[in-house]
$ cat work21.cif   # mmCIF, C-alpha atoms and all ligand atoms
data_my_file
loop_
_atom_site.label_atom_id
_atom_site.label_comp_id
_atom_site.auth_asym_id
_atom_site.auth_seq_id
_atom_site.Cartn_x
_atom_site.Cartn_y
_atom_site.Cartn_z
CA MET A 294 26.53 -15.88 107.66
CA ASN A 295 25.28 -19.41 108.38
CA GLY A 296 21.58 -19.04 109.21
CA THR A 297 21.27 -15.58 107.57
CA LEU A 298 20.94 -16.77 103.97
CA PRO A 299 18.55 -19.59 103.00
CA GLY A 300 20.23 -23.02 103.32
CA TYR A 301 23.65 -21.34 103.59
CA GLY A 302 25.17 -24.06 105.82
CA THR A 303 25.88 -26.63 103.10
CA ALA A 304 28.81 -26.56 100.67
CA VAL A 305 26.40 -26.70 97.71
CA SER A 306 24.52 -23.60 98.84
CA LYS A 307 27.75 -21.71 99.58
CA LYS A 308 28.77 -22.45 95.98
CA PHE A 309 25.35 -21.26 94.81
CA TRP A 310 25.73 -17.94 96.68
CA MET A 311 29.28 -17.57 95.36
CA ALA A 312 27.89 -18.01 91.84
CA ILE A 313 25.04 -15.48 92.33
CA THR A 314 27.33 -12.83 93.85
CA GLY A 315 29.98 -13.68 91.21
CA ILE A 316 27.44 -12.89 88.47
CA ILE A 317 26.65 -9.50 90.10
CA LEU A 318 30.36 -8.63 90.44
CA PHE A 319 31.09 -9.82 86.92
CA ALA A 320 28.26 -7.63 85.53
CA TYR A 321 29.71 -4.62 87.39
CA VAL A 322 33.24 -5.25 86.06
CA LEU A 323 31.89 -5.53 82.50
CA VAL A 324 29.79 -2.33 82.69
CA HIS A 325 32.63 -0.47 84.49
CA MET A 326 35.12 -1.48 81.77
CA ILE A 327 32.76 -0.30 79.00
CA GLY A 328 32.29 3.04 80.81
CA ASN A 329 36.06 3.44 81.30
CA LEU A 330 36.60 3.13 77.53
CA LYS A 331 35.18 6.68 77.32
CA LEU A 332 38.74 7.69 78.19
CA PHE A 333 39.44 7.29 74.45
CA GLN A 334 36.72 9.90 73.68
CA GLY A 335 38.44 12.64 75.68
CA PRO A 336 37.98 14.56 78.95
CA GLU A 337 34.48 15.99 78.29
CA LYS A 338 32.92 12.61 77.48
CA LEU A 339 34.53 10.73 80.41
CA ASN A 340 33.93 13.47 82.98
CA SER A 341 30.32 14.04 81.93
CA TYR A 342 29.73 10.26 82.06
CA ALA A 343 31.11 10.22 85.65
CA GLU A 344 28.82 13.16 86.50
CA TRP A 345 25.84 11.40 84.90
CA LEU A 346 26.51 8.38 87.15
CA ARG A 347 26.03 10.66 90.16
CA GLN A 348 22.80 12.18 88.77
CA VAL A 349 21.14 9.04 87.34
CA GLY A 350 18.00 7.98 89.20
CA GLY A 351 17.04 11.60 89.96
CA PRO A 352 14.76 13.33 90.67
CA VAL A 353 13.10 10.20 92.15
CA LEU A 354 16.30 9.42 94.05
CA PRO A 355 18.55 12.04 95.72
CA PRO A 356 21.90 12.90 94.02
CA SER A 357 24.19 9.83 93.96
CA GLY A 358 21.21 7.77 95.26
CA LEU A 359 21.44 5.03 92.63
CA LEU A 360 25.24 5.06 92.93
CA TRP A 361 24.95 4.34 96.67
CA ILE A 362 22.47 1.51 96.01
CA VAL A 363 24.94 -0.02 93.52
CA ARG A 364 27.80 0.45 96.02
CA GLY A 365 25.71 -1.28 98.72
CA VAL A 366 24.91 -4.26 96.46
CA LEU A 367 28.60 -4.52 95.45
CA LEU A 368 29.81 -4.42 99.04
CA ILE A 369 27.31 -7.08 100.18
CA SER A 370 28.26 -9.24 97.17
CA VAL A 371 32.00 -8.94 97.91
CA VAL A 372 31.41 -9.89 101.57
CA ILE A 373 29.26 -12.95 100.74
CA HIS A 374 31.58 -14.04 97.91
CA THR A 375 34.72 -13.78 100.08
CA ALA A 376 33.13 -15.33 103.20
CA ALA A 377 31.79 -18.30 101.19
CA ALA A 378 35.20 -18.83 99.54
CA PHE A 379 36.91 -18.76 102.93
CA GLN A 380 34.37 -21.13 104.53
CA LEU A 381 34.58 -23.58 101.61
CA THR A 382 38.38 -23.64 101.91
CA VAL A 383 38.09 -24.41 105.65
CA MET A 384 35.47 -27.13 104.95
CA ASN A 385 37.77 -28.69 102.31
CA ARG A 386 40.74 -28.71 104.68
CA GLN A 387 38.67 -30.27 107.50
CA ALA A 388 37.39 -32.96 105.14
CA ARG A 389 41.01 -33.82 104.29
CA ARG A 390 42.46 -33.67 107.79
CA ILE A 391 43.95 -37.16 107.40
CA GLY A 392 45.75 -35.98 104.27
CA TYR A 393 46.85 -37.85 101.19
CA VAL A 394 49.20 -40.83 101.26
CA ARG A 395 50.64 -39.45 98.04
CA PHE A 396 49.47 -36.00 96.91
CA VAL A 397 48.58 -35.99 93.21
CA PRO A 398 47.58 -32.47 92.13
CA LEU A 399 44.36 -32.57 90.12
CA ALA A 400 42.97 -29.97 87.73
CA SER A 401 40.33 -29.01 90.33
CA ASN A 402 43.01 -28.44 93.01
CA TYR A 403 44.97 -26.29 90.59
CA ALA A 404 41.83 -24.23 89.80
CA ALA A 405 40.96 -23.84 93.49
CA ARG A 406 44.48 -22.67 94.35
CA THR A 407 44.48 -20.26 91.40
CA MET A 408 41.12 -18.88 92.52
CA ARG A 409 42.43 -18.28 96.04
CA TRP A 410 45.55 -16.31 95.15
CA SER A 411 43.92 -14.42 92.28
CA GLY A 412 40.95 -13.58 94.55
CA VAL A 413 43.26 -12.17 97.23
CA ILE A 414 45.13 -10.06 94.62
CA VAL A 415 41.82 -8.73 93.21
CA LEU A 416 40.65 -7.81 96.74
CA LEU A 417 43.92 -5.97 97.47
CA PHE A 418 43.65 -4.27 94.08
CA ILE A 419 40.11 -3.01 94.85
CA VAL A 420 41.33 -1.41 98.11
CA TYR A 421 44.27 0.26 96.30
CA HIS A 422 42.03 1.27 93.36
CA LEU A 423 39.51 3.02 95.65
CA LEU A 424 42.34 4.86 97.47
CA HIS A 425 43.81 5.80 94.08
CA LEU A 426 40.91 6.81 91.81
CA THR A 427 37.85 7.23 94.08
CA TRP A 428 39.19 8.88 97.25
CA GLY A 429 42.52 10.08 95.78
CA THR A 430 44.48 9.31 98.97
CA ALA A 431 46.97 7.18 97.01
CA HIS A 432 47.18 9.63 94.06
CA ARG A 433 49.87 12.32 93.81
CA ASP A 434 47.76 14.83 91.86
CA PHE A 435 44.09 13.98 92.51
CA ARG A 436 41.47 16.48 91.31
CA PRO A 437 37.94 15.77 92.64
CA GLY A 438 35.47 15.52 89.71
CA ASP A 439 38.21 15.44 87.03
CA VAL A 440 38.18 11.69 86.38
CA TYR A 441 40.03 12.04 83.06
CA HIS A 442 42.94 13.90 84.64
CA ASN A 443 43.08 11.44 87.57
CA VAL A 444 43.21 8.38 85.31
CA VAL A 445 45.73 9.83 82.80
CA SER A 446 48.10 11.38 85.36
CA GLY A 447 47.79 8.20 87.47
CA PHE A 448 48.73 5.87 84.61
CA GLN A 449 51.62 8.11 83.49
CA ASN A 450 53.45 6.63 86.46
CA VAL A 451 54.93 3.37 85.15
CA TRP A 452 54.73 1.64 88.56
CA VAL A 453 51.04 2.49 88.96
CA SER A 454 50.33 1.18 85.43
CA ALA A 455 52.38 -1.97 86.17
CA ALA A 456 50.28 -2.58 89.32
CA TYR A 457 47.06 -2.19 87.29
CA VAL A 458 48.36 -4.54 84.57
CA ALA A 459 49.33 -7.19 87.15
CA ALA A 460 45.92 -6.88 88.84
CA GLN A 461 44.11 -7.26 85.50
CA LEU A 462 46.04 -10.48 84.84
CA ALA A 463 44.98 -11.85 88.26
CA LEU A 464 41.41 -10.72 87.52
CA GLY A 465 41.64 -12.53 84.17
CA PHE A 466 42.57 -15.85 85.86
CA HIS A 467 39.84 -15.34 88.44
CA LEU A 468 37.17 -14.53 85.86
CA TYR A 469 38.14 -17.42 83.60
CA HIS A 470 37.91 -20.06 86.35
CA GLY A 471 34.89 -18.34 87.90
CA LEU A 472 32.92 -18.18 84.66
CA TRP A 473 33.82 -21.79 83.92
CA SER A 474 32.77 -23.15 87.35
CA LEU A 475 29.66 -20.95 87.47
CA PHE A 476 27.68 -23.48 85.41
CA GLN A 477 28.74 -26.33 87.69
CA SER A 478 27.72 -24.41 90.84
CA MET A 479 24.32 -23.57 89.34
CA GLY A 480 23.81 -27.19 88.21
CA TRP A 481 23.81 -26.19 84.54
CA ASN A 482 26.65 -28.46 83.44
CA HIS A 483 26.51 -31.20 80.87
CA MET A 484 29.37 -32.76 78.87
CA ARG A 485 27.69 -31.58 75.67
CA PHE A 486 27.95 -27.90 76.71
CA ASN A 487 31.58 -27.99 77.88
CA ARG A 488 32.88 -26.58 74.60
CA TRP A 489 30.43 -23.64 74.85
CA ARG A 490 31.30 -23.11 78.53
CA LYS A 491 34.96 -22.77 77.54
CA ILE A 492 34.20 -20.39 74.65
CA PHE A 493 31.98 -18.28 76.96
CA ALA A 494 34.61 -18.13 79.74
CA VAL A 495 37.49 -17.35 77.37
CA SER A 496 35.60 -14.68 75.38
CA PHE A 497 34.26 -12.70 78.36
CA THR A 498 37.61 -12.88 80.17
CA ALA A 499 39.40 -11.67 77.02
CA ILE A 500 36.91 -8.79 76.48
CA ILE A 501 37.37 -7.52 80.05
CA ALA A 502 41.13 -8.04 80.17
CA ILE A 503 41.76 -6.38 76.77
CA GLY A 504 39.41 -3.46 77.59
CA ASN A 505 41.00 -2.78 80.99
CA LEU A 506 44.60 -3.34 79.84
CA SER A 507 44.13 -0.98 76.89
CA LEU A 508 43.77 2.00 79.28
CA PRO A 509 47.15 2.06 81.11
CA ILE A 510 48.88 0.88 77.91
CA ALA A 511 47.30 3.72 75.84
CA VAL A 512 48.41 6.29 78.44
CA LEU A 513 51.97 4.89 78.63
CA LEU A 514 52.24 4.90 74.81
CA GLY A 515 50.99 8.49 74.69
CA VAL A 516 47.88 7.57 72.65
CA VAL A 517 45.84 9.23 75.43
CA SER A 518 47.31 12.25 77.21
C1 LIG A 601 42.22 -0.10 84.02
C2 LIG A 601 41.14 -0.43 84.66
C3 LIG A 601 40.26 0.51 85.47
C4 LIG A 601 40.12 1.86 85.42
C5 LIG A 601 40.77 2.85 84.46
C6 LIG A 601 39.16 2.24 86.43
C7 LIG A 601 38.74 3.52 86.70
C8 LIG A 601 37.97 3.93 87.76
C9 LIG A 601 37.66 5.28 88.14
C10 LIG A 601 38.14 6.51 87.37
C11 LIG A 601 36.88 5.24 89.25
C12 LIG A 601 36.30 6.46 90.00
C13 LIG A 601 35.03 6.89 89.31
C14 LIG A 601 34.43 8.14 89.89
O1 LIG A 601 34.84 8.60 90.95
O2 LIG A 601 33.50 8.66 89.25
C15 LIG A 601 36.68 3.86 89.59
C16 LIG A 601 35.91 3.40 90.64
C17 LIG A 601 35.74 2.08 90.96
N1 LIG A 601 36.29 0.98 90.33
FE1 LIG A 601 37.48 1.04 88.72
N2 LIG A 601 38.73 1.10 87.07
C18 LIG A 601 39.40 0.02 86.53
C19 LIG A 601 39.26 -1.31 86.88
C20 LIG A 601 38.44 -1.76 87.91
C21 LIG A 601 38.28 -3.15 88.26
C22 LIG A 601 38.96 -4.32 87.55
C23 LIG A 601 37.40 -3.19 89.32
C24 LIG A 601 36.89 -4.36 90.08
C25 LIG A 601 37.51 -5.52 90.18
C26 LIG A 601 37.03 -1.82 89.63
C27 LIG A 601 36.19 -1.46 90.64
C28 LIG A 601 35.86 -0.15 90.96
C29 LIG A 601 34.99 0.21 92.05
C30 LIG A 601 34.28 -0.74 93.01
C31 LIG A 601 34.91 1.62 92.05
C32 LIG A 601 34.11 2.49 93.02
C33 LIG A 601 32.82 2.92 92.36
C34 LIG A 601 32.12 3.96 93.18
O3 LIG A 601 31.94 3.74 94.37
O4 LIG A 601 31.77 5.00 92.65
N3 LIG A 601 37.67 -1.00 88.75
N4 LIG A 601 37.34 3.07 88.67
#
$ encode --input "work21.cif" --output "structure tokens" --more "lines below"
Ligand code: HEM
Amino acid sequence: MNGTLPGYGTAVSKKFWMAITGIILFAYVLVHMIGNLKLFQGPEKLNSYAEWLRQVGGPVLPPSGLLWIVRGVLLISVVIHTAAAFQLTVMNRQARRIGYVRFVPLASNYAARTMRWSGVIVLLFIVYHLLHLTWGTAHRDFRPGDVYHNVVSGFQNVWVSAAYVAAQLALGFHLYHGLWSLFQSMGWNHMRFNRWRKIFAVSFTAIIAIGNLSLPIAVLLGVVS
């Protein structure tokens, strides 16, 4: 990617592109979570919302046109975000080839390590999630177009729900550290704002985690069936 994006070669610009693509992915996760809450309104509402997503943008765009644009932007964002994370890790390791005389873990090392493992779990989750609820390959009773049925029958399996819960926890860690470091990467940090940065990161992470976790939990408790 070096040479493709403006000034991409430096660590600062990789962090900048990670922040920009992180904002896009974060916005998607937030909107997706709000849409998924329609599960609580019943099959008609959720299924017609899913159908609307395929029609929106028409008649200017062909059916699913806007959806494909969004998918394209998401895919490009995931690729840039992951590639920049990988390249920054390599750059960090090269810079420390001599190693520490005595390794003292710092808060920033802890955050970077957390970001790496939570990022890998979120990536693996996205692959599983697409196979499960978009293509249905990993779903025992997938019905094309019946999103409500697919979600409810999917989450009725305790192991599937457990996998979703675990992935949401990893996503929570990733979002919290990501939202916190976002300001630093964009050069918007100042000691005076640190309290607000923390409140912002904690609140948005909590909103997304609680919203997403409520779905498998509601199905397992029989609140939604
Ligand atoms: C409990 C939480 C979640 C539920 C119930 C859920 C539900 C769904 C469903 C039903 C679909 C298929 C929609 C359709 O075919 O019309 C879908 C697609 C998708 N989900 Fe999720 N989702 C959850 C969490 C997430 C998270 C955390 C992410 C990202 C990190 C994510 C990313 C996606 C993506 C990228 C698609 C494909 C969209 C498309 O191409 O149409 N989902 N989700």
$ residues_around --input "work21.cif" --residues "A:Trp410" --least-positions-apart "6" --cutoff "10 Å" --atoms "only C-alpha atoms" --output "ChimeraX atom specification"
/A:416,463,466-467
$ closest_residue --input "work21.cif" --among "A:Gly471, A:Pro355, A:Gly328, A:Gly335" --to "ligand LIG 601 (chain A)" --atoms "only C-alpha atoms and all ligand atoms"
A:Gly328
$ closest_atom_pairs --input "work21.cif" --of "chain A" --to "ligand LIG 601 (chain A)" --cutoff "9 Å" --atoms "only C-alpha atoms and all ligand atoms" --output "JSON lines"
{"residue": "A:Leu318", "atom": "CA", "partner": "A:LIG601", "partner_atom": "C25", "distance": 7.8}
{"residue": "A:Phe319", "atom": "CA", "partner": "A:LIG601", "partner_atom": "C25", "distance": 8.4}
{"residue": "A:Tyr321", "atom": "CA", "partner": "A:LIG601", "partner_atom": "C24", "distance": 7.7}
{"residue": "A:Val322", "atom": "CA", "partner": "A:LIG601", "partner_atom": "C24", "distance": 5.5}
{"residue": "A:Leu323", "atom": "CA", "partner": "A:LIG601", "partner_atom": "C22", "distance": 8.8}
{"residue": "A:His325", "atom": "CA", "partner": "A:LIG601", "partner_atom": "FE1", "distance": 6.6}
{"residue": "A:Met326", "atom": "CA", "partner": "A:LIG601", "partner_atom": "C18", "distance": 6.6}
{"residue": "A:Gly328", "atom": "CA", "partner": "A:LIG601", "partner_atom": "C7", "distance": 8.7}
{"residue": "A:Asn329", "atom": "CA", "partner": "A:LIG601", "partner_atom": "C5", "distance": 5.7}
{"residue": "A:Leu330", "atom": "CA", "partner": "A:LIG601", "partner_atom": "C5", "distance": 8.1}
{"residue": "A:Leu332", "atom": "CA", "partner": "A:LIG601", "partner_atom": "C5", "distance": 8.2}
{"residue": "A:Leu339", "atom": "CA", "partner": "A:LIG601", "partner_atom": "C10", "distance": 8.9}
{"residue": "A:Asn340", "atom": "CA", "partner": "A:LIG601", "partner_atom": "O2", "distance": 7.9}
{"residue": "A:Tyr342", "atom": "CA", "partner": "A:LIG601", "partner_atom": "O2", "distance": 8.3}
{"residue": "A:Ala343", "atom": "CA", "partner": "A:LIG601", "partner_atom": "O2", "distance": 4.6}
{"residue": "A:Glu344", "atom": "CA", "partner": "A:LIG601", "partner_atom": "O2", "distance": 7.1}
{"residue": "A:Leu346", "atom": "CA", "partner": "A:LIG601", "partner_atom": "O2", "distance": 7.3}
{"residue": "A:Arg347", "atom": "CA", "partner": "A:LIG601", "partner_atom": "O2", "distance": 7.8}
{"residue": "A:Leu360", "atom": "CA", "partner": "A:LIG601", "partner_atom": "O4", "distance": 6.5}
{"residue": "A:Trp361", "atom": "CA", "partner": "A:LIG601", "partner_atom": "O3", "distance": 7.4}
{"residue": "A:Val363", "atom": "CA", "partner": "A:LIG601", "partner_atom": "O3", "distance": 8.0}
{"residue": "A:Arg364", "atom": "CA", "partner": "A:LIG601", "partner_atom": "O3", "distance": 5.5}
{"residue": "A:Leu367", "atom": "CA", "partner": "A:LIG601", "partner_atom": "C30", "distance": 7.2}
{"residue": "A:Leu368", "atom": "CA", "partner": "A:LIG601", "partner_atom": "C30", "distance": 8.4}
{"residue": "A:Val415", "atom": "CA", "partner": "A:LIG601", "partner_atom": "C25", "distance": 6.2}
{"residue": "A:Leu416", "atom": "CA", "partner": "A:LIG601", "partner_atom": "C25", "distance": 7.6}
{"residue": "A:Phe418", "atom": "CA", "partner": "A:LIG601", "partner_atom": "C25", "distance": 7.4}
{"residue": "A:Ile419", "atom": "CA", "partner": "A:LIG601", "partner_atom": "C25", "distance": 5.9}
{"residue": "A:Val420", "atom": "CA", "partner": "A:LIG601", "partner_atom": "C30", "distance": 8.7}
{"residue": "A:His422", "atom": "CA", "partner": "A:LIG601", "partner_atom": "N1", "distance": 6.5}
{"residue": "A:Leu423", "atom": "CA", "partner": "A:LIG601", "partner_atom": "C31", "distance": 6.0}
{"residue": "A:His425", "atom": "CA", "partner": "A:LIG601", "partner_atom": "C11", "distance": 8.5}
{"residue": "A:Leu426", "atom": "CA", "partner": "A:LIG601", "partner_atom": "C12", "distance": 5.0}
{"residue": "A:Thr427", "atom": "CA", "partner": "A:LIG601", "partner_atom": "C12", "distance": 4.4}
{"residue": "A:Trp428", "atom": "CA", "partner": "A:LIG601", "partner_atom": "O1", "distance": 7.7}
{"residue": "A:Pro437", "atom": "CA", "partner": "A:LIG601", "partner_atom": "O1", "distance": 8.0}
{"residue": "A:Gly438", "atom": "CA", "partner": "A:LIG601", "partner_atom": "O1", "distance": 7.1}
{"residue": "A:Asp439", "atom": "CA", "partner": "A:LIG601", "partner_atom": "O2", "distance": 8.5}
{"residue": "A:Val440", "atom": "CA", "partner": "A:LIG601", "partner_atom": "C10", "distance": 5.3}
{"residue": "A:Tyr441", "atom": "CA", "partner": "A:LIG601", "partner_atom": "C10", "distance": 7.3}
{"residue": "A:Asn443", "atom": "CA", "partner": "A:LIG601", "partner_atom": "C10", "distance": 7.0}
{"residue": "A:Val444", "atom": "CA", "partner": "A:LIG601", "partner_atom": "C10", "distance": 5.8}
{"residue": "A:Val445", "atom": "CA", "partner": "A:LIG601", "partner_atom": "C5", "distance": 8.7}
{"residue": "A:Phe448", "atom": "CA", "partner": "A:LIG601", "partner_atom": "C5", "distance": 8.5}
{"residue": "A:Ser454", "atom": "CA", "partner": "A:LIG601", "partner_atom": "C1", "distance": 8.3}
{"residue": "A:Tyr457", "atom": "CA", "partner": "A:LIG601", "partner_atom": "C1", "distance": 6.2}
{"residue": "A:Val458", "atom": "CA", "partner": "A:LIG601", "partner_atom": "C1", "distance": 7.6}
{"residue": "A:Ala460", "atom": "CA", "partner": "A:LIG601", "partner_atom": "C22", "distance": 7.5}
{"residue": "A:Gln461", "atom": "CA", "partner": "A:LIG601", "partner_atom": "C22", "distance": 6.3}
{"residue": "A:Leu464", "atom": "CA", "partner": "A:LIG601", "partner_atom": "C22", "distance": 6.9}
{"residue": "A:Ile501", "atom": "CA", "partner": "A:LIG601", "partner_atom": "C22", "distance": 8.3}
{"residue": "A:Ala502", "atom": "CA", "partner": "A:LIG601", "partner_atom": "C22", "distance": 8.5}
{"residue": "A:Gly504", "atom": "CA", "partner": "A:LIG601", "partner_atom": "C1", "distance": 7.8}
{"residue": "A:Asn505", "atom": "CA", "partner": "A:LIG601", "partner_atom": "C1", "distance": 4.2}
{"residue": "A:Leu506", "atom": "CA", "partner": "A:LIG601", "partner_atom": "C1", "distance": 5.8}
{"residue": "A:Ser507", "atom": "CA", "partner": "A:LIG601", "partner_atom": "C1", "distance": 7.4}
{"residue": "A:Leu508", "atom": "CA", "partner": "A:LIG601", "partner_atom": "C1", "distance": 5.4}
{"residue": "A:Pro509", "atom": "CA", "partner": "A:LIG601", "partner_atom": "C1", "distance": 6.1}
$ atom_distance --input "work21.cif" --atom1 "atom CA of A:Val451" --atom2 "atom CA of A:Val324"
25.9 Å
$ atom_distance --input "work21.cif" --atom1 "atom CA of A:Asn385" --atom2 "atom CA of A:Arg488"
28.2 Å
$ residues_around --input "work21.cif" --residues "A:Val371" --least-positions-apart "2" --cutoff "10 Å" --atoms "all atoms listed in the file" --output "JSON, numbers by chain"
{"A": [311, 314, 315, 317, 318, 365, 366, 367, 368, 369, 373, 374, 375, 376, 377, 416]}
$ write_last_selection --input "work21.cif" --atoms "C-alpha atoms" --output "PDB file, in the frame of the given file"
ATOM      1  CA  MET A 311      29.280 -17.570  95.360  1.00  0.00           C
ATOM      2  CA  THR A 314      27.330 -12.830  93.850  1.00  0.00           C
ATOM      3  CA  GLY A 315      29.980 -13.680  91.210  1.00  0.00           C
ATOM      4  CA  ILE A 317      26.650  -9.500  90.100  1.00  0.00           C
ATOM      5  CA  LEU A 318      30.360  -8.630  90.440  1.00  0.00           C
ATOM      6  CA  GLY A 365      25.710  -1.280  98.720  1.00  0.00           C
ATOM      7  CA  VAL A 366      24.910  -4.260  96.460  1.00  0.00           C
ATOM      8  CA  LEU A 367      28.600  -4.520  95.450  1.00  0.00           C
ATOM      9  CA  LEU A 368      29.810  -4.420  99.040  1.00  0.00           C
ATOM     10  CA  ILE A 369      27.310  -7.080 100.180  1.00  0.00           C
ATOM     11  CA  ILE A 373      29.260 -12.950 100.740  1.00  0.00           C
ATOM     12  CA  HIS A 374      31.580 -14.040  97.910  1.00  0.00           C
ATOM     13  CA  THR A 375      34.720 -13.780 100.080  1.00  0.00           C
ATOM     14  CA  ALA A 376      33.130 -15.330 103.200  1.00  0.00           C
ATOM     15  CA  ALA A 377      31.790 -18.300 101.190  1.00  0.00           C
ATOM     16  CA  LEU A 416      40.650  -7.810  96.740  1.00  0.00           C
TER      17      LEU A 416
END
$ atom_distance --input "work21.cif" --atom1 "atom CA of A:Leu424" --atom2 "atom CA of A:Arg436"
13.2 Å
$ closest_residue --input "work21.cif" --among "A:Tyr469, A:Trp481, A:Phe476, A:Trp452" --to "A:Phe497" --atoms "only C-alpha atoms"
A:Tyr469
$ residues_near_point --input "work21.cif" --point "(30.1, -28.0, 82.1)" --cutoff "9 Å" --atoms "all atoms listed in the file" --output "list in words"
Trp473, Ser474, Leu475, Phe476, Gln477, Gly480, Trp481, Asn482, His483, Met484, Arg485, Phe486, Asn487, Arg488, Trp489, Arg490 and Lys491 of chain A
$ closest_residue --input "work21.cif" --among "A:Val349, A:Ile414, A:Ala405, A:Ala304" --to "A:Ala459" --atoms "only C-alpha atoms"
A:Ile414
$ closest_residue --input "work21.cif" --among "A:Val413, A:Leu359, A:Met479, A:Met384" --to "A:Ser306" --atoms "only C-alpha atoms"
A:Met479
$ closest_residue --input "work21.cif" --among "A:Ala378, A:Val516, A:Ala511, A:Val453" --to "A:Arg433" --atoms "all atoms listed in the file"
A:Val453
$ axis_aligned_box --input "work21.cif" --around "stretch 358-373 of chain A" --padding-each-side "8 Å" --output "AutoDock Vina command-line options"
--center_x 26.6 --center_y -2.6 --center_z 97.1 --size_x 26.8 --size_y 36.7 --size_z 24.9
$ closest_residue --input "work21.cif" --among "A:His432, A:Lys331, A:His470, A:His442" --to "A:Arg406" --atoms "all atoms listed in the file"
A:His470
$ build_atoms --input "work21.cif" --residues "stretch 320-325 of chain A" --atoms "all heavy atoms" --output "PDB file, in the frame of the given file"
ATOM      1  N   ALA A 320      29.047  -8.617  86.296  1.00  0.00           N
ATOM      2  CA  ALA A 320      28.260  -7.630  85.530  1.00  0.00           C
ATOM      3  C   ALA A 320      28.813  -6.224  85.786  1.00  0.00           C
ATOM      4  O   ALA A 320      28.959  -5.416  84.859  1.00  0.00           O
ATOM      5  CB  ALA A 320      26.791  -7.713  85.920  1.00  0.00           C
ATOM      6  N   TYR A 321      29.162  -5.941  87.065  1.00  0.00           N
ATOM      7  CA  TYR A 321      29.710  -4.620  87.390  1.00  0.00           C
ATOM      8  C   TYR A 321      31.024  -4.389  86.642  1.00  0.00           C
ATOM      9  O   TYR A 321      31.233  -3.340  86.027  1.00  0.00           O
ATOM     10  CB  TYR A 321      29.916  -4.455  88.901  1.00  0.00           C
ATOM     11  CG  TYR A 321      30.613  -3.156  89.210  1.00  0.00           C
ATOM     12  CD1 TYR A 321      29.904  -1.954  89.208  1.00  0.00           C
ATOM     13  CD2 TYR A 321      31.993  -3.098  89.428  1.00  0.00           C
ATOM     14  CE1 TYR A 321      30.550  -0.741  89.436  1.00  0.00           C
ATOM     15  CE2 TYR A 321      32.643  -1.897  89.643  1.00  0.00           C
ATOM     16  CZ  TYR A 321      31.905  -0.726  89.653  1.00  0.00           C
ATOM     17  OH  TYR A 321      32.541   0.473  89.856  1.00  0.00           O
ATOM     18  N   VAL A 322      31.922  -5.398  86.688  1.00  0.00           N
ATOM     19  CA  VAL A 322      33.240  -5.250  86.060  1.00  0.00           C
ATOM     20  C   VAL A 322      33.089  -5.005  84.551  1.00  0.00           C
ATOM     21  O   VAL A 322      33.779  -4.168  83.970  1.00  0.00           O
ATOM     22  CB  VAL A 322      34.125  -6.499  86.364  1.00  0.00           C
ATOM     23  CG1 VAL A 322      35.391  -6.505  85.529  1.00  0.00           C
ATOM     24  CG2 VAL A 322      34.490  -6.531  87.835  1.00  0.00           C
ATOM     25  N   LEU A 323      32.114  -5.688  83.939  1.00  0.00           N
ATOM     26  CA  LEU A 323      31.890  -5.530  82.500  1.00  0.00           C
ATOM     27  C   LEU A 323      31.386  -4.103  82.184  1.00  0.00           C
ATOM     28  O   LEU A 323      31.941  -3.414  81.319  1.00  0.00           O
ATOM     29  CB  LEU A 323      30.875  -6.579  82.011  1.00  0.00           C
ATOM     30  CG  LEU A 323      30.542  -6.564  80.527  1.00  0.00           C
ATOM     31  CD1 LEU A 323      31.762  -6.901  79.675  1.00  0.00           C
ATOM     32  CD2 LEU A 323      29.415  -7.558  80.195  1.00  0.00           C
ATOM     33  N   VAL A 324      30.362  -3.659  82.931  1.00  0.00           N
ATOM     34  CA  VAL A 324      29.790  -2.330  82.690  1.00  0.00           C
ATOM     35  C   VAL A 324      30.829  -1.237  82.987  1.00  0.00           C
ATOM     36  O   VAL A 324      30.984  -0.272  82.229  1.00  0.00           O
ATOM     37  CB  VAL A 324      28.503  -2.132  83.545  1.00  0.00           C
ATOM     38  CG1 VAL A 324      27.996  -0.701  83.466  1.00  0.00           C
ATOM     39  CG2 VAL A 324      27.426  -3.117  83.101  1.00  0.00           C
ATOM     40  N   HIS A 325      31.587  -1.429  84.091  1.00  0.00           N
ATOM     41  CA  HIS A 325      32.630  -0.470  84.490  1.00  0.00           C
ATOM     42  C   HIS A 325      33.700  -0.350  83.400  1.00  0.00           C
ATOM     43  O   HIS A 325      34.126   0.749  83.050  1.00  0.00           O
ATOM     44  CB  HIS A 325      33.238  -0.957  85.805  1.00  0.00           C
ATOM     45  CG  HIS A 325      34.215  -0.017  86.438  1.00  0.00           C
ATOM     46  ND1 HIS A 325      33.974   1.323  86.595  1.00  0.00           N
ATOM     47  CD2 HIS A 325      35.450  -0.229  86.982  1.00  0.00           C
ATOM     48  CE1 HIS A 325      35.012   1.891  87.192  1.00  0.00           C
ATOM     49  NE2 HIS A 325      35.927   0.968  87.438  1.00  0.00           N
TER      50      HIS A 325
END
